[in-house]
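File shown: data_0.cif. Contents: mmCIF, C-alpha atoms.
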data_coords
loop_
_atom_site.label_atom_id
_atom_site.label_comp_id
_atom_site.auth_asym_id
_atom_site.auth_seq_id
_atom_site.Cartn_x
_atom_site.Cartn_y
_atom_site.Cartn_z
CA MET A 252 27.13 214.23 51.00
CA THR A 253 24.09 212.22 51.95
CA ILE A 254 23.55 209.06 49.96
CA THR A 255 19.96 207.96 49.55
CA LEU A 256 19.80 204.21 49.93
CA PRO A 257 17.30 202.47 47.69
CA GLU A 258 13.94 201.30 48.92
CA VAL A 259 11.60 199.23 46.80
CA ARG A 260 8.02 198.11 47.31
CA MET A 261 6.57 195.39 45.07
CA THR A 262 2.86 194.61 45.10
CA MET A 263 1.52 191.77 43.03
CA PRO A 264 -1.09 189.00 43.01
CA ALA A 265 -0.14 186.17 45.35
CA ARG A 266 0.47 183.68 42.59
CA PRO A 267 3.30 181.17 42.01
CA GLU A 268 4.67 183.01 38.97
CA GLY A 269 5.39 186.12 41.05
CA VAL A 270 7.97 184.49 43.32
CA ALA A 271 10.72 184.45 40.67
CA VAL A 272 10.06 188.13 39.92
CA VAL A 273 10.75 189.01 43.56
CA ARG A 274 13.88 186.87 43.51
CA GLN A 275 15.24 188.62 40.44
CA ALA A 276 14.59 192.11 41.84
CA LEU A 277 16.30 191.14 45.05
CA ALA A 278 19.34 189.69 43.30
CA GLY A 279 19.69 192.87 41.26
CA MET A 280 19.75 195.08 44.36
CA ALA A 281 22.14 192.79 46.20
CA ASP A 282 24.55 192.69 43.26
CA ALA A 283 24.49 196.48 43.05
CA MET A 284 25.41 196.63 46.76
CA ASP A 285 28.27 194.14 46.27
CA PHE A 286 26.81 191.48 48.53
CA ASP A 287 28.76 188.28 49.09
CA ALA A 288 27.51 185.63 46.66
CA ALA A 289 26.72 183.14 49.41
CA VAL A 290 24.57 185.73 51.19
CA VAL A 291 22.73 186.49 47.94
CA ALA A 292 22.01 182.78 47.52
CA ASP A 293 20.67 182.52 51.09
CA MET A 294 18.60 185.68 50.65
CA LYS A 295 17.01 184.45 47.42
CA MET A 296 16.12 181.17 49.12
CA ALA A 297 14.69 182.70 52.30
CA VAL A 298 12.65 185.33 50.47
CA SER A 299 11.35 182.73 48.02
CA GLU A 300 10.19 180.63 50.95
CA ALA A 301 8.45 183.62 52.54
CA CYS A 302 6.69 184.49 49.26
CA THR A 303 5.75 180.84 48.74
CA ASN A 304 4.18 180.81 52.19
CA VAL A 305 1.97 183.72 51.12
CA VAL A 306 0.95 181.92 47.93
CA VAL A 307 0.20 178.65 49.72
CA HIS A 308 -1.06 179.74 53.15
CA ALA A 309 -2.48 183.27 53.05
CA TYR A 310 -5.59 183.18 50.90
CA ASP A 311 -8.24 180.62 50.13
CA ASP A 312 -8.23 181.65 46.47
CA SER A 313 -5.71 183.32 44.17
CA ALA A 314 -7.17 186.84 44.54
CA GLY A 315 -4.92 187.98 47.40
CA ILE A 316 -2.01 190.37 47.32
CA LEU A 317 1.68 189.73 48.00
CA GLU A 318 3.65 192.75 49.19
CA VAL A 319 7.44 192.85 49.37
CA ASP A 320 9.43 195.78 50.78
CA ILE A 321 13.19 195.83 50.18
CA ARG A 322 15.07 198.44 52.18
CA ALA A 323 18.80 198.99 51.82
CA GLU A 324 20.88 199.96 54.82
CA GLU A 325 24.60 200.68 55.02
CA GLU A 326 25.70 197.06 54.83
CA ALA A 327 22.47 195.11 54.86
CA LEU A 328 19.15 194.55 53.19
CA THR A 329 15.92 194.22 55.13
CA ILE A 330 13.11 192.48 53.29
CA VAL A 331 9.53 192.41 54.51
CA VAL A 332 7.12 189.92 52.92
CA ARG A 333 3.52 190.70 53.79
CA ASP A 334 0.03 189.45 53.07
CA HIS A 335 -3.44 190.51 54.18
CA GLY A 336 -4.82 187.02 54.41
CA THR A 337 -6.03 184.59 57.01
CA GLY A 338 -3.00 184.86 59.29
CA ILE A 339 -0.58 182.14 60.33
CA GLN A 340 -1.96 178.73 59.46
CA PRO A 341 -0.31 175.42 60.27
CA ARG A 342 -1.64 173.76 57.13
CA PRO A 343 -1.87 174.98 53.55
CA ILE A 344 -5.03 176.83 52.57
CA ARG A 345 -4.59 175.90 48.93
CA ARG A 346 -4.87 172.16 48.74
CA ASP A 347 -3.79 172.12 45.08
CA VAL A 348 -0.26 173.09 46.20
CA PRO A 349 1.41 170.42 48.35
CA ALA A 350 3.49 171.96 51.14
CA LEU A 351 6.45 170.32 52.83
CA GLY A 352 6.37 172.70 55.83
CA LEU A 353 10.05 173.58 55.60
CA GLY A 354 9.66 177.27 54.75
CA LEU A 355 9.96 178.91 58.18
CA PRO A 356 12.84 176.70 59.35
CA LEU A 357 14.75 177.64 56.18
CA ILE A 358 14.02 181.35 56.67
CA ALA A 359 15.30 181.15 60.24
CA ALA A 360 18.44 179.30 59.19
CA LEU A 361 19.36 181.49 56.22
CA SER A 362 18.65 185.02 57.50
CA ASP A 363 20.83 187.05 59.88
CA SER A 364 17.71 188.07 61.77
CA PHE A 365 14.09 187.11 61.34
CA GLU A 366 10.77 188.19 62.80
CA LEU A 367 7.28 186.83 62.19
CA ARG A 368 4.24 188.95 62.97
CA GLY A 369 0.57 188.28 62.47
CA SER A 370 -2.55 186.78 63.88
CA VAL A 371 -5.60 184.97 62.62
CA GLY A 372 -7.57 187.18 60.27
CA GLU A 373 -5.03 190.01 60.21
CA GLY A 374 -2.46 188.79 57.73
CA THR A 375 1.17 187.88 58.24
CA GLU A 376 4.44 189.76 57.95
CA VAL A 377 7.88 188.15 57.72
CA ARG A 378 10.79 190.55 58.27
CA MET A 379 14.28 189.32 57.37
CA THR A 380 17.63 191.07 57.47
CA PHE A 381 20.75 190.00 55.59
CA ARG A 382 24.20 191.52 56.08
CA SER A 383 26.31 192.01 52.95
CA MET A 384 29.25 190.17 54.53
CA ARG A 385 29.07 187.59 57.32
CA LEU A 386 31.48 186.49 60.00
CA GLU A 387 29.32 183.53 60.98
CA ASP A 388 26.86 181.26 59.21
CA PRO A 389 23.34 181.87 60.61
CA ALA A 390 22.50 178.23 59.88
CA ALA A 391 24.97 177.27 62.60
CA GLU A 392 22.99 179.27 65.17
CA ASN A 393 19.53 178.31 63.89
CA PRO A 394 19.98 174.96 62.19
CA VAL A 395 17.17 173.22 60.35
CA THR A 396 16.24 170.32 62.59
CA GLY A 397 14.30 167.14 61.87
CA THR A 398 13.56 165.43 58.60
CA VAL A 399 10.61 164.44 56.45
CA GLY A 400 7.97 162.43 58.29
CA SER A 401 5.94 159.45 57.13
CA ASP A 402 3.11 161.81 56.14
CA GLY A 403 5.38 163.61 53.69
CA ARG A 404 5.58 166.78 55.78
CA TRP A 405 8.62 168.09 57.60
CA ASP A 406 8.86 166.93 61.22
CA PRO A 407 11.22 169.25 63.15
CA GLU A 408 11.30 166.84 66.08
CA ALA A 409 12.27 163.79 64.06
CA VAL A 410 15.75 162.37 64.55
CA ARG A 411 17.89 162.18 61.44
CA ASP A 412 19.57 158.92 60.60
CA SER A 413 23.33 158.92 60.88
CA PRO A 414 25.16 159.12 57.52
CA GLY A 415 25.88 155.44 57.64
CA GLY A 416 22.22 154.62 58.18
CA ALA A 417 20.69 153.42 61.39
CA MET B 98 12.92 177.83 24.29
CA ASP B 99 12.25 177.08 27.96
CA ALA B 100 14.92 178.67 30.17
CA ASN B 101 14.13 176.26 32.99
CA PRO B 102 13.61 172.90 31.30
CA ILE B 103 12.74 169.62 32.97
CA VAL B 104 13.30 166.81 30.48
CA LEU B 105 13.38 163.02 30.59
CA ASP B 106 16.59 161.54 29.27
CA ASP B 107 16.44 157.79 28.63
CA VAL B 108 19.95 157.44 27.24
CA ALA B 109 20.66 154.94 30.04
CA GLU B 110 18.07 152.71 28.27
CA ASP B 111 16.57 151.39 31.50
CA VAL B 112 16.89 154.01 34.24
CA VAL B 113 15.14 157.28 33.39
CA VAL B 114 17.06 160.47 34.13
CA VAL B 115 14.98 163.56 34.93
CA VAL B 116 17.23 166.49 34.03
CA VAL B 117 16.35 169.68 35.91
CA GLU B 118 17.97 172.89 34.65
CA GLY B 119 17.65 176.53 35.68
CA GLU B 120 15.50 177.96 38.46
CA HIS B 121 12.70 175.92 40.00
CA ASP B 122 10.23 176.87 42.69
CA ILE B 123 6.51 176.70 43.44
CA TYR B 124 5.72 177.79 39.87
CA THR B 125 7.54 174.92 38.16
CA ALA B 126 7.09 172.29 40.91
CA PRO B 127 3.82 170.96 39.35
CA THR B 128 5.67 170.34 36.08
CA LEU B 129 8.46 168.59 37.97
CA ARG B 130 5.86 166.38 39.68
CA GLU B 131 4.40 165.47 36.28
CA ARG B 132 7.82 164.55 34.88
CA LEU B 133 8.66 162.50 37.98
CA ASP B 134 5.32 160.67 37.71
CA GLU B 135 6.07 159.91 34.07
CA ALA B 136 9.55 158.64 34.96
CA ILE B 137 8.23 156.39 37.75
CA GLY B 138 5.56 155.15 35.36
CA ARG B 139 8.24 153.67 33.14
CA GLY B 140 9.06 151.31 35.98
CA ALA B 141 12.85 150.96 35.87
CA GLY B 142 14.08 153.45 38.45
CA VAL B 143 14.67 157.19 38.44
CA VAL B 144 17.65 159.53 38.62
CA VAL B 145 17.07 163.26 39.11
CA ASP B 146 20.03 165.27 37.84
CA LEU B 147 20.30 168.70 39.52
CA THR B 148 23.77 169.46 38.14
CA ARG B 149 22.51 172.33 35.98
CA ALA B 150 19.82 173.54 38.36
CA THR B 151 20.60 177.09 39.50
CA PHE B 152 17.91 177.38 42.17
CA VAL B 153 15.65 174.91 43.96
CA ASP B 154 13.44 175.65 46.96
CA SER B 155 11.40 173.57 49.39
CA SER B 156 8.63 173.12 46.78
CA VAL B 157 11.15 171.17 44.71
CA LEU B 158 12.38 169.21 47.73
CA GLY B 159 8.77 168.29 48.49
CA ALA B 160 8.28 167.03 44.93
CA LEU B 161 11.49 164.98 45.14
CA LEU B 162 10.57 163.47 48.51
CA ASP B 163 7.08 162.53 47.31
CA ALA B 164 8.52 160.94 44.18
CA ARG B 165 11.08 159.05 46.24
CA ARG B 166 8.30 157.61 48.40
CA ARG B 167 6.29 156.51 45.36
CA ALA B 168 9.36 155.00 43.69
CA LEU B 169 10.30 153.04 46.78
CA ASP B 170 6.70 151.84 47.18
CA ALA B 171 6.97 150.54 43.61
CA GLN B 172 10.33 148.92 44.47
CA GLN B 173 12.18 151.23 42.13
CA GLY B 174 15.50 152.89 42.85
CA PHE B 175 15.46 156.66 43.27
CA VAL B 176 18.61 158.78 43.43
CA VAL B 177 19.37 162.48 43.01
CA CYS B 178 22.71 163.56 41.59
CA VAL B 179 24.73 166.74 41.37
CA GLY B 180 28.02 167.40 39.59
CA ASP B 181 31.28 168.94 40.75
CA ASP B 182 30.09 172.32 39.48
CA VAL B 183 26.75 172.22 41.33
CA GLU B 184 25.34 175.65 42.13
CA PRO B 185 26.36 176.49 45.73
CA GLY B 186 22.79 177.49 46.62
CA VAL B 187 21.49 174.10 45.49
CA GLN B 188 24.12 172.26 47.51
CA ARG B 189 23.36 174.55 50.45
CA ILE B 190 19.66 173.60 50.73
CA LEU B 191 20.50 169.91 50.38
CA ASP B 192 23.13 170.19 53.12
CA ILE B 193 21.27 172.23 55.73
CA THR B 194 18.13 170.13 55.42
CA GLY B 195 20.13 166.94 55.93
CA LEU B 196 18.55 165.42 52.82
CA VAL B 197 21.77 164.23 51.16
CA PRO B 198 21.58 160.76 52.77
CA VAL B 199 17.75 160.72 52.67
CA LEU B 200 16.99 161.30 49.00
CA PRO B 201 19.90 160.19 48.56
CA VAL B 202 22.18 162.61 46.67
CA VAL B 203 25.34 161.32 44.97
CA ASN B 204 28.03 162.97 42.87
CA GLY B 205 27.69 162.38 39.13
CA ARG B 206 25.05 160.91 36.87
CA GLU B 207 26.89 157.65 36.20
CA GLU B 208 27.19 156.92 39.92
CA ALA B 209 23.50 157.70 40.34
CA ILE B 210 22.46 155.36 37.52
CA ARG B 211 24.64 152.60 38.96
CA THR B 212 23.10 153.10 42.41
CA VAL B 213 19.56 152.96 41.02
CA ARG B 214 20.28 149.75 39.10
CA GLU B 215 21.65 148.16 42.25
CA SER B 216 18.62 149.16 44.31
CA ASN B 217 15.88 148.33 41.78
CA GLY B 218 13.65 145.67 43.25
CA SER B 219 15.29 145.81 46.64
CA SER B 220 13.05 146.20 49.66
CA ARG B 221 12.26 149.59 51.11
CA PRO B 222 14.77 150.73 53.72
#

Structure encoded using structure tokens:
Amino acid sequence: MTITLPEVRMTMPARPEGVAVVRQALAGMADAMDFDAAVVADMKMAVSEACTNVVVHAYDDSAGILEVDIRAEEEALTIVVRDHGTGIQPRPIRRDVPALGLGLPLIAALSDSFELRGSVGEGTEVRMTFRSMRLEDPAAENPVTGTVGSDGRWDPEAVRDSPGGA
Amino acid sequence: MDANPIVLDDVAEDVVVVVVEGEHDIYTAPTLRERLDEAIGRGAGVVVDLTRATFVDSSVLGALLDARRRALDAQQGFVVCVGDDVEPGVQRILDITGLVPVLPVVNGREEAIRTVRESNGSSRP
């Protein structure tokens, strides 16, 4: 018997209130597939960060679209977060939403695999895969480096103080 | 009733505790920033209690780091606390970003209030 694995596409305005909706849909699918709770937590965080990047970076107004594809595989979920905006930008387009700049490092640390596609003027696509059970923590392989800089943005090159304080 | 409340609790009489419950992300971060501004405005140090928060993302961390900077500039103590039953996902983002010693994050509200009282008026590290 062939089992049809679920595939979901969500399309919505790229607005802050939509991010929680994506998170809830994702959690529902992961629970149905009996994902490990720690993986679900990482997946919710990484996908939230990808959606937040669309809201903050993709469009110069709130009229753009956020697309999320969720595709189930045998023992994994692949999530694609896509926009049709200005492409990868180092600084936030929307100046009313302060950005720490920690989104991509978190996505890399929390997903089992991660791919970023896009170019200026052609939109951006973040593709993340999460396995239902893990043997290793992806954050060990792709740790978040750095700390917050004096300008309030994340500096991946900055050296963290030792726990006792330097 | 708000499922994701952010309320100011001044039961400590001097230190203001900003209690963050439920899920918080880019949608609620502006409200968190407003509450943190209000708490700093009272001038006696701030504790942010994440014990009952079930989700926080980098938008929330950004709000906390900005508030910490403003509090320290005003020579006020600023401490984040979690409880023993902190949501694993909340502890996870604090751990992998290395922000536990930076914010700083301590275990328990009483410890956080004590730490803020000790650091009020001290010079910026």

Excluding region 207-218 of chain B and any residue of its chain fewer than 2 positions from it, enumerate the residues within 12 Å of it, using all atoms listed in the file, and give them as number ranges by chain.
-> B: 106-115, 137, 140-148, 165, 168-180, 200-205, 220-222

May I ask you to extract the residues of chain B within 6 Å of chain A, using all atoms listed in the file, and to give them as a PyMOL selection string?
-> chain B and resi 123-124+159+186+194

Coordinates-based distance that separates CA of Ala301 (chain A) from CA of Arg333 (chain A) (Å, one decimal) = 8.7 Å

Explicit residue set for the PyMOL selection byres ((chain A and resi 283-287) around 10), as a ChimeraX atom specification = /A:256,277-282,288-292,323-328,381-385

Exactly which residues make up the result of the PyMOL selection byres ((chain B and resi 127) around 10) on this file, given as a count of residues only?
-> 17

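Note that CA of Glu373 (chain A) and CA of Pro264 (chain A) are 17.7 Å apart.
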
Could you spell out the hits of the PyMOL selection byres ((chain A and resi 259) around 10) on the shown file, as a PyMOL selection string?
-> chain A and resi 257-258+260-261+276-277+280+319-323+330

Tell me which of B:Glu120, B:Leu105, B:Gln188, B:Gly195 sits closest to Val153 (chain B), counting all atoms listed in the file.
->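 Among the listed residues, B:Glu120 lies closest to Val153 (chain B).
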
Do you have the CA of Val183 (chain B)-CA of Glu408 (chain A) distance handy?
-> 29.7 Å

Taking all atoms of region 314-329 of chain A that the file lists, what box with edges along x, y and z, padded by 4 Å per side, do you get, with centre and edge lengths in Å to one decimal, as JSON?
{"center_x": 9.3, "center_y": 193.8, "center_z": 49.8, "size_x": 40.9, "size_y": 21.8, "size_z": 18.6}

I'd like the neighbourhood of Ser364 (chain A) as a compact mmCIF listing (two decimals) with C-alpha atoms, in the frame of the given file, where a residue qualifies if any of its atoms comes within 8 Å (using all atoms listed in the file), though same-chain residues fewer than 4 positions away should be ignored.
# COMPACT_ATOMS: atom_id res chain seq x y z
CA ALA A 359 15.30 181.15 60.24
CA MET A 379 14.28 189.32 57.37
CA THR A 380 17.63 191.07 57.47
CA PHE A 381 20.75 190.00 55.59

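The smallest atom-to-atom distance between Asp388 (chain A) and any of B:Pro102, B:Ile193, B:Val117, B:Val187, using only C-alpha atoms, is found for B:Ile193.
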
Please, can region 168-189 of chain B be completed to N, CA and C atoms and returned as a PDB file, in the coordinates of the input?
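Written output follows (out.pdb):
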ATOM      1  N   ALA B 168       8.419 155.921  44.351  1.00  0.00           N
ATOM      2  CA  ALA B 168       9.360 155.000  43.690  1.00  0.00           C
ATOM      3  C   ALA B 168       9.691 153.825  44.597  1.00  0.00           C
ATOM      4  N   LEU B 169       9.957 154.120  45.864  1.00  0.00           N
ATOM      5  CA  LEU B 169      10.300 153.040  46.780  1.00  0.00           C
ATOM      6  C   LEU B 169       9.104 152.113  47.004  1.00  0.00           C
ATOM      7  N   ASP B 170       7.897 152.676  47.060  1.00  0.00           N
ATOM      8  CA  ASP B 170       6.700 151.840  47.180  1.00  0.00           C
ATOM      9  C   ASP B 170       6.572 150.896  45.996  1.00  0.00           C
ATOM     10  N   ALA B 171       7.034 151.354  44.827  1.00  0.00           N
ATOM     11  CA  ALA B 171       6.970 150.540  43.610  1.00  0.00           C
ATOM     12  C   ALA B 171       8.238 149.700  43.432  1.00  0.00           C
ATOM     13  N   GLN B 172       9.060 149.668  44.483  1.00  0.00           N
ATOM     14  CA  GLN B 172      10.330 148.920  44.470  1.00  0.00           C
ATOM     15  C   GLN B 172      11.233 149.346  43.328  1.00  0.00           C
ATOM     16  N   GLN B 173      11.261 150.655  43.100  1.00  0.00           N
ATOM     17  CA  GLN B 173      12.180 151.230  42.130  1.00  0.00           C
ATOM     18  C   GLN B 173      13.250 152.029  42.860  1.00  0.00           C
ATOM     19  N   GLY B 174      14.458 152.030  42.302  1.00  0.00           N
ATOM     20  CA  GLY B 174      15.500 152.890  42.850  1.00  0.00           C
ATOM     21  C   GLY B 174      15.200 154.347  42.552  1.00  0.00           C
ATOM     22  N   PHE B 175      15.647 155.217  43.452  1.00  0.00           N
ATOM     23  CA  PHE B 175      15.460 156.660  43.270  1.00  0.00           C
ATOM     24  C   PHE B 175      16.691 157.353  43.840  1.00  0.00           C
ATOM     25  N   VAL B 176      17.389 158.095  42.995  1.00  0.00           N
ATOM     26  CA  VAL B 176      18.610 158.780  43.430  1.00  0.00           C
ATOM     27  C   VAL B 176      18.675 160.149  42.770  1.00  0.00           C
ATOM     28  N   VAL B 177      19.118 161.136  43.525  1.00  0.00           N
ATOM     29  CA  VAL B 177      19.370 162.480  43.010  1.00  0.00           C
ATOM     30  C   VAL B 177      20.869 162.636  42.824  1.00  0.00           C
ATOM     31  N   CYS B 178      21.289 163.319  41.757  1.00  0.00           N
ATOM     32  CA  CYS B 178      22.710 163.560  41.590  1.00  0.00           C
ATOM     33  C   CYS B 178      23.001 165.026  41.319  1.00  0.00           C
ATOM     34  N   VAL B 179      24.196 165.434  41.711  1.00  0.00           N
ATOM     35  CA  VAL B 179      24.730 166.740  41.370  1.00  0.00           C
ATOM     36  C   VAL B 179      26.137 166.510  40.814  1.00  0.00           C
ATOM     37  N   GLY B 180      26.663 167.517  40.127  1.00  0.00           N
ATOM     38  CA  GLY B 180      28.020 167.400  39.590  1.00  0.00           C
ATOM     39  C   GLY B 180      28.993 168.210  40.424  1.00  0.00           C
ATOM     40  N   ASP B 181      30.262 168.184  40.027  1.00  0.00           N
ATOM     41  CA  ASP B 181      31.280 168.940  40.750  1.00  0.00           C
ATOM     42  C   ASP B 181      31.011 170.446  40.702  1.00  0.00           C
ATOM     43  N   ASP B 182      30.345 170.892  39.627  1.00  0.00           N
ATOM     44  CA  ASP B 182      30.090 172.320  39.480  1.00  0.00           C
ATOM     45  C   ASP B 182      28.657 172.676  39.885  1.00  0.00           C
ATOM     46  N   VAL B 183      28.109 171.933  40.840  1.00  0.00           N
ATOM     47  CA  VAL B 183      26.750 172.220  41.330  1.00  0.00           C
ATOM     48  C   VAL B 183      26.681 173.643  41.852  1.00  0.00           C
ATOM     49  N   GLU B 184      25.564 174.296  41.615  1.00  0.00           N
ATOM     50  CA  GLU B 184      25.340 175.650  42.130  1.00  0.00           C
ATOM     51  C   GLU B 184      25.421 175.629  43.663  1.00  0.00           C
ATOM     52  N   PRO B 185      26.220 176.514  44.257  1.00  0.00           N
ATOM     53  CA  PRO B 185      26.360 176.490  45.730  1.00  0.00           C
ATOM     54  C   PRO B 185      25.034 176.582  46.475  1.00  0.00           C
ATOM     55  N   GLY B 186      24.090 177.362  45.956  1.00  0.00           N
ATOM     56  CA  GLY B 186      22.790 177.490  46.620  1.00  0.00           C
ATOM     57  C   GLY B 186      22.007 176.190  46.627  1.00  0.00           C
ATOM     58  N   VAL B 187      22.169 175.398  45.569  1.00  0.00           N
ATOM     59  CA  VAL B 187      21.490 174.100  45.490  1.00  0.00           C
ATOM     60  C   VAL B 187      22.112 173.136  46.501  1.00  0.00           C
ATOM     61  N   GLN B 188      23.441 173.123  46.531  1.00  0.00           N
ATOM     62  CA  GLN B 188      24.120 172.260  47.510  1.00  0.00           C
ATOM     63  C   GLN B 188      23.776 172.687  48.930  1.00  0.00           C
ATOM     64  N   ARG B 189      23.655 173.995  49.127  1.00  0.00           N
ATOM     65  CA  ARG B 189      23.360 174.550  50.450  1.00  0.00           C
ATOM     66  C   ARG B 189      22.033 174.019  51.011  1.00  0.00           C
TER      67      ARG B 189
END
